[in-house]
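Novice: Sending over a structure as structure tokens; questions will come in a sec.
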Amino acid sequence: MAGIAAIPNSGKPKALIYTPVGRDAWVARSLVDEAGLASIAATDLSMFASSLSDDIALGVLTEEAVRSSDLKPIAAWVSAQPSWSDLPFIVLTTRGGGPERNPAAARLSEVLGNVTFLERPFHATSFISVARTALKGRLRQYEAQARLEALGEGERRLQTALAAGRLGAWELELSSMALSASATCKAIFGRGPDDDVTRDDLIASIHPDDRDLVLARLRQTIDTGRDYSIEHRTIWPDGSLHWTEVHAQLYSDRYGSARKLVGVCSDTTVRKTIEENLRRLNETLEERVRERTKEVNVAHQTLLEEVAQRERAEEQLRQSQKMEAIGQLTGGVAHDFNNLLMVVLGNLELLGKHVGGDAKAMRLVDGAIQGARRGAALTQRLLAFARQQDLQVKPVDLTELVSGMNDLLRRSVGSSISIETILPATLPPALVDANQLELALLNLAVNARDAMPDGGTLSISLREEQVAGDDGALDKGAYLVLAVADSGTGMDAETLKKAVDPFFSTKELGKGTGLGLSMIHGLAVQLNGALRLTSELGVGTIAELWLPATERRPERPAEAERPVPQAASRLKILLVDDDALIAMSSVEMLEDLGHEVVEANSGAQALELISGQHFDLVITDYSMPGMTGAQLAQATRDIHPGLPIVLATGYADLPAGTDIDLPRLAKPYDQAQLAKEIAKAMASETVPLLRSGGDAGGSKPRLSKADDVSDEIGDGACVV
């Protein structure tokens, strides 16, 4: 039967029957089946009411069976139907029992709504005809439901697309000039989402020099039906100047009469600002070229010096850009990562004291601590990426190197891209510079991410290959192949030929320098290896780094046991940290050292405690909402000038403008370092004071390795 697919839980339409007297039930089921419906017989009126649902296509009742019954449950269900639903009922009455002659039947019509009365006796074809007519109406209701759901889904998709494109939607009724605008559209004109905005308001906000052109274009669109497209200046209520781009089309009814303008708008202020800056730069470019040419003609030696200076400046700029990119990455990753490692290391160290007699447990704890310390070393590698240094070629376990970068890679490519790794455990080491290889792998992963804007799969694999004869770029011998494959847009043959050329890039302006693959290619050549690219347009790209293998084993730095100094005296310490897990771990370590600890989770709470209690020492986190550790230290100095304060932070250099000279406890720290800093702070005769000027963060040694930390900040600390 047509329309069956529109029925909820699709199948044969169902008729719900309540005809308890005599042969009525059997007759009704037979006729319902003849009409093409499945029957559900209710034994009483309560069961009939509870069985009503949206997938019931027809209800059949006898008037005498419900004449004096409580119909409130049925009436409640009927009134609660969704807007698309109007369930049809067939009521079988005795002769002369129709609603026009029977008030009780009329009551049923009021309760059931969509009801057809069929007086008995009736011919079977009459019932079947009425039932099929009711079923057709019900099927049209189901089709209406499906159309409503499709319209709703389309509306949601449209709103999502508008939000993704930061587009504001608007409509202008031509008959009344009434304007309706979305919240985004209002924001583009400097209004709030709840502000009432009229057409006249928006016209008045247009820059006076652009207003006549906008009105002329609107009139042209209304008169001719041509698409409306314009970019103009807008003055916000606060007086600021912005650029707005507007597009619209004329909407006509089915008779061809223009009814409304429907369009979108966007804020193009940033783009116009960039274009204006570029225009001004171009205006002065010719004059600068003439001046530079004149200087070159004056002295050839001056030209040579300028060229050399420019090359040095460009190299410094490249290094600066790399440092800036890594700095942004570490700013988002390192602090949170250090906080996590702080909790892990602190709890593992304390846990190790409680399982000292269990050799297996100690091995597990030691392994976890080593893994956490490797995580701490990861933040140091991020800094090492940006340093200009000669290659330090050593045997490196590539499986371990790639596994150690897993979190960094996942954070870099984003959640829309899945990463698959194939890393055999029996491969020999490779002769590489670990830091530079990590940077190369990160660059390849980011390139793959950019080639998959809609998401996809990034595959990283390792394998061993033998080069037996003359291979051109590779000498004879064993190689490890680090392959990075994506399922992205790929490259055609012409693009692939130029992929490793310096400054060649397929990315849009401002999204890439074109140096990534050329740097990776240069690194591979320096390592006596090669970079090989294969790609197919629309399929993806595979980048393979061929690196020489070696039989030498990687060096494993020995980790010496560091005894935890015992507290010389019991101190009352105020510990301030907004992270509950870090605070809990630090409190446990301090109490294990024998100190009395009071915990505060914000600067304001700490100041209340300092004002009302005596403390021997304050240990505070730097990065806290509302009040930083530096601000807390300044406020504490105003209350107790001589109170020792130790600043715990995950940053190597505090943010610009932070002028502070306090003992620093670098996160993540262990119990030994914590005890050492407490002893140093309490032994100091002169309490460090906040400075009004000087270098941000004070003078301190710079670290080159995560496991080589000076006594200034404690053994084993990881500064990021």
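As shown in the structure tokens, the chain order sets the letters A, B, ...; within each chain, residues go from 1, and ligands are also counted from 1 in the order they appear.
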List every residue of region 58-271 of chain A that DSSP, applied to the backbone of this structure, places in strand (DSSP E or B), and write the result as a PyMOL selection string.

Specialist: chain A and resi 58-62+89-93+115-119+168-173+179-181+206+228-235+241-252+258-267

Novice: Please provide the set of residues having any atom within 10 Å of Gly190 (chain A), restricted to only C-alpha atoms, with same-chain residues fewer than 6 positions apart removed, written as a CSV table (one decimal) with C-alpha atoms, in the first residue's frame.

Specialist:
chain,number,residue,atom,x,y,z
A,184,THR,CA,24.9,37.0,14.1
A,205,SER,CA,24.3,52.8,10.4
A,234,THR,CA,29.3,50.5,8.8
A,235,ILE,CA,29.4,52.7,11.9
A,236,TRP,CA,28.6,50.8,15.1
A,237,PRO,CA,26.8,52.5,18.0
A,238,ASP,CA,30.1,52.9,19.8
A,239,GLY,CA,31.4,54.9,16.9
A,240,SER,CA,33.9,52.3,15.5
A,242,HIS,CA,33.7,48.3,10.3

Novice: Between A:Leu139, A:Ile74, A:Leu151, A:Met362, which residue has the minimum interatomic distance to Leu108 (chain A), considering only C-alpha atoms?

Specialist: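 Counting only C-alpha atoms, the residue closest to Leu108 (chain A) is A:Ile74.
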
Novice: Extract, using only C-alpha atoms, all DNA, RNA and protein residues at most 12 Å from Ser403 (chain A), discarding same-chain residues fewer than 3 positions from it, and format them as a PyMOL selection string.

Specialist: chain A and resi 371+374-375+378+397-400+406-410+419-425+438+441+460-462

Novice: So that I can check the surroundings of Pro663 (chain A), please list as number ranges by chain every protein, DNA and RNA residue that reaches within 8 Å of it, counting only C-alpha atoms and ignoring chain neighbours fewer than 5 positions away.

Specialist: A: 645-647, 677, 681, 688

Novice: Can you tell me how far CA of Phe189 (chain A) sits from CA of Met177 (chain A), in Å to one decimal?

Specialist: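 About the pair CA of Phe189 (chain A) and CA of Met177 (chain A): they are 18.2 Å apart.
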
Novice: Tell me, as JSON, numbers by chain, which residues lie within 9 Å of Glu544 (chain A), counting only C-alpha atoms; anything in the same chain fewer than 4 positions away does not count.

Specialist: {"A": [481, 482, 483, 484, 485, 530, 531, 532, 533, 534]}

Novice: Now that the selection is made, can you save its residues with all heavy atoms as a tab-separated table (two decimals), in the first residue's frame?

Specialist:
chain	number	residue	atom	x	y	z
A	481	VAL	N	63.02	3.03	7.41
A	481	VAL	CA	62.13	3.90	6.65
A	481	VAL	C	61.00	4.35	7.56
A	481	VAL	O	60.20	3.54	8.04
A	481	VAL	CB	61.56	3.18	5.42
A	481	VAL	CG1	60.65	4.13	4.63
A	481	VAL	CG2	62.70	2.66	4.54
A	482	LEU	N	60.97	5.66	7.85
A	482	LEU	CA	59.88	6.27	8.61
A	482	LEU	C	58.89	6.85	7.61
A	482	LEU	O	59.19	7.80	6.90
A	482	LEU	CB	60.43	7.37	9.53
A	482	LEU	CG	59.41	8.22	10.29
A	482	LEU	CD1	58.54	7.35	11.19
A	482	LEU	CD2	60.11	9.30	11.11
A	483	ALA	N	57.71	6.23	7.51
A	483	ALA	CA	56.72	6.61	6.50
A	483	ALA	C	55.54	7.31	7.17
A	483	ALA	O	55.01	6.84	8.18
A	483	ALA	CB	56.23	5.38	5.74
A	484	VAL	N	55.11	8.42	6.58
A	484	VAL	CA	53.94	9.18	7.04
A	484	VAL	C	52.98	9.29	5.87
A	484	VAL	O	53.29	9.90	4.85
A	484	VAL	CB	54.33	10.59	7.54
A	484	VAL	CG1	53.09	11.36	7.99
A	484	VAL	CG2	55.34	10.50	8.68
A	485	ALA	N	51.80	8.65	6.00
A	485	ALA	CA	50.83	8.61	4.90
A	485	ALA	C	49.53	9.27	5.35
A	485	ALA	O	49.11	9.10	6.49
A	485	ALA	CB	50.58	7.16	4.46
A	530	ALA	N	67.54	9.92	2.71
A	530	ALA	CA	66.79	10.54	1.60
A	530	ALA	C	65.35	10.72	2.02
A	530	ALA	O	64.84	10.03	2.90
A	530	ALA	CB	66.86	9.67	0.35
A	531	LEU	N	64.68	11.71	1.37
A	531	LEU	CA	63.24	11.92	1.51
A	531	LEU	C	62.59	11.54	0.19
A	531	LEU	O	62.95	12.07	-0.87
A	531	LEU	CB	62.94	13.38	1.85
A	531	LEU	CG	61.46	13.79	1.81
A	531	LEU	CD1	60.67	13.04	2.89
A	531	LEU	CD2	61.30	15.29	1.96
A	532	ARG	N	61.63	10.61	0.23
A	532	ARG	CA	60.95	10.17	-0.98
A	532	ARG	C	59.45	10.42	-0.82
A	532	ARG	O	58.85	10.03	0.18
A	532	ARG	CB	61.22	8.69	-1.25
A	532	ARG	CG	62.69	8.42	-1.57
A	532	ARG	CD	62.96	6.96	-1.83
A	532	ARG	NE	64.35	6.76	-2.26
A	532	ARG	CZ	64.90	5.56	-2.51
A	532	ARG	NH1	64.17	4.47	-2.36
A	532	ARG	NH2	66.15	5.48	-2.91
A	533	LEU	N	58.86	11.07	-1.83
A	533	LEU	CA	57.45	11.42	-1.81
A	533	LEU	C	56.72	10.71	-2.93
A	533	LEU	O	57.19	10.67	-4.07
A	533	LEU	CB	57.26	12.93	-1.97
A	533	LEU	CG	57.86	13.85	-0.90
A	533	LEU	CD1	57.69	15.30	-1.29
A	533	LEU	CD2	57.22	13.59	0.45
A	534	THR	N	55.57	10.14	-2.62
A	534	THR	CA	54.66	9.60	-3.63
A	534	THR	C	53.28	10.16	-3.33
A	534	THR	O	52.88	10.26	-2.17
A	534	THR	CB	54.62	8.06	-3.60
A	534	THR	OG1	54.26	7.62	-2.29
A	534	THR	CG2	55.96	7.48	-3.98
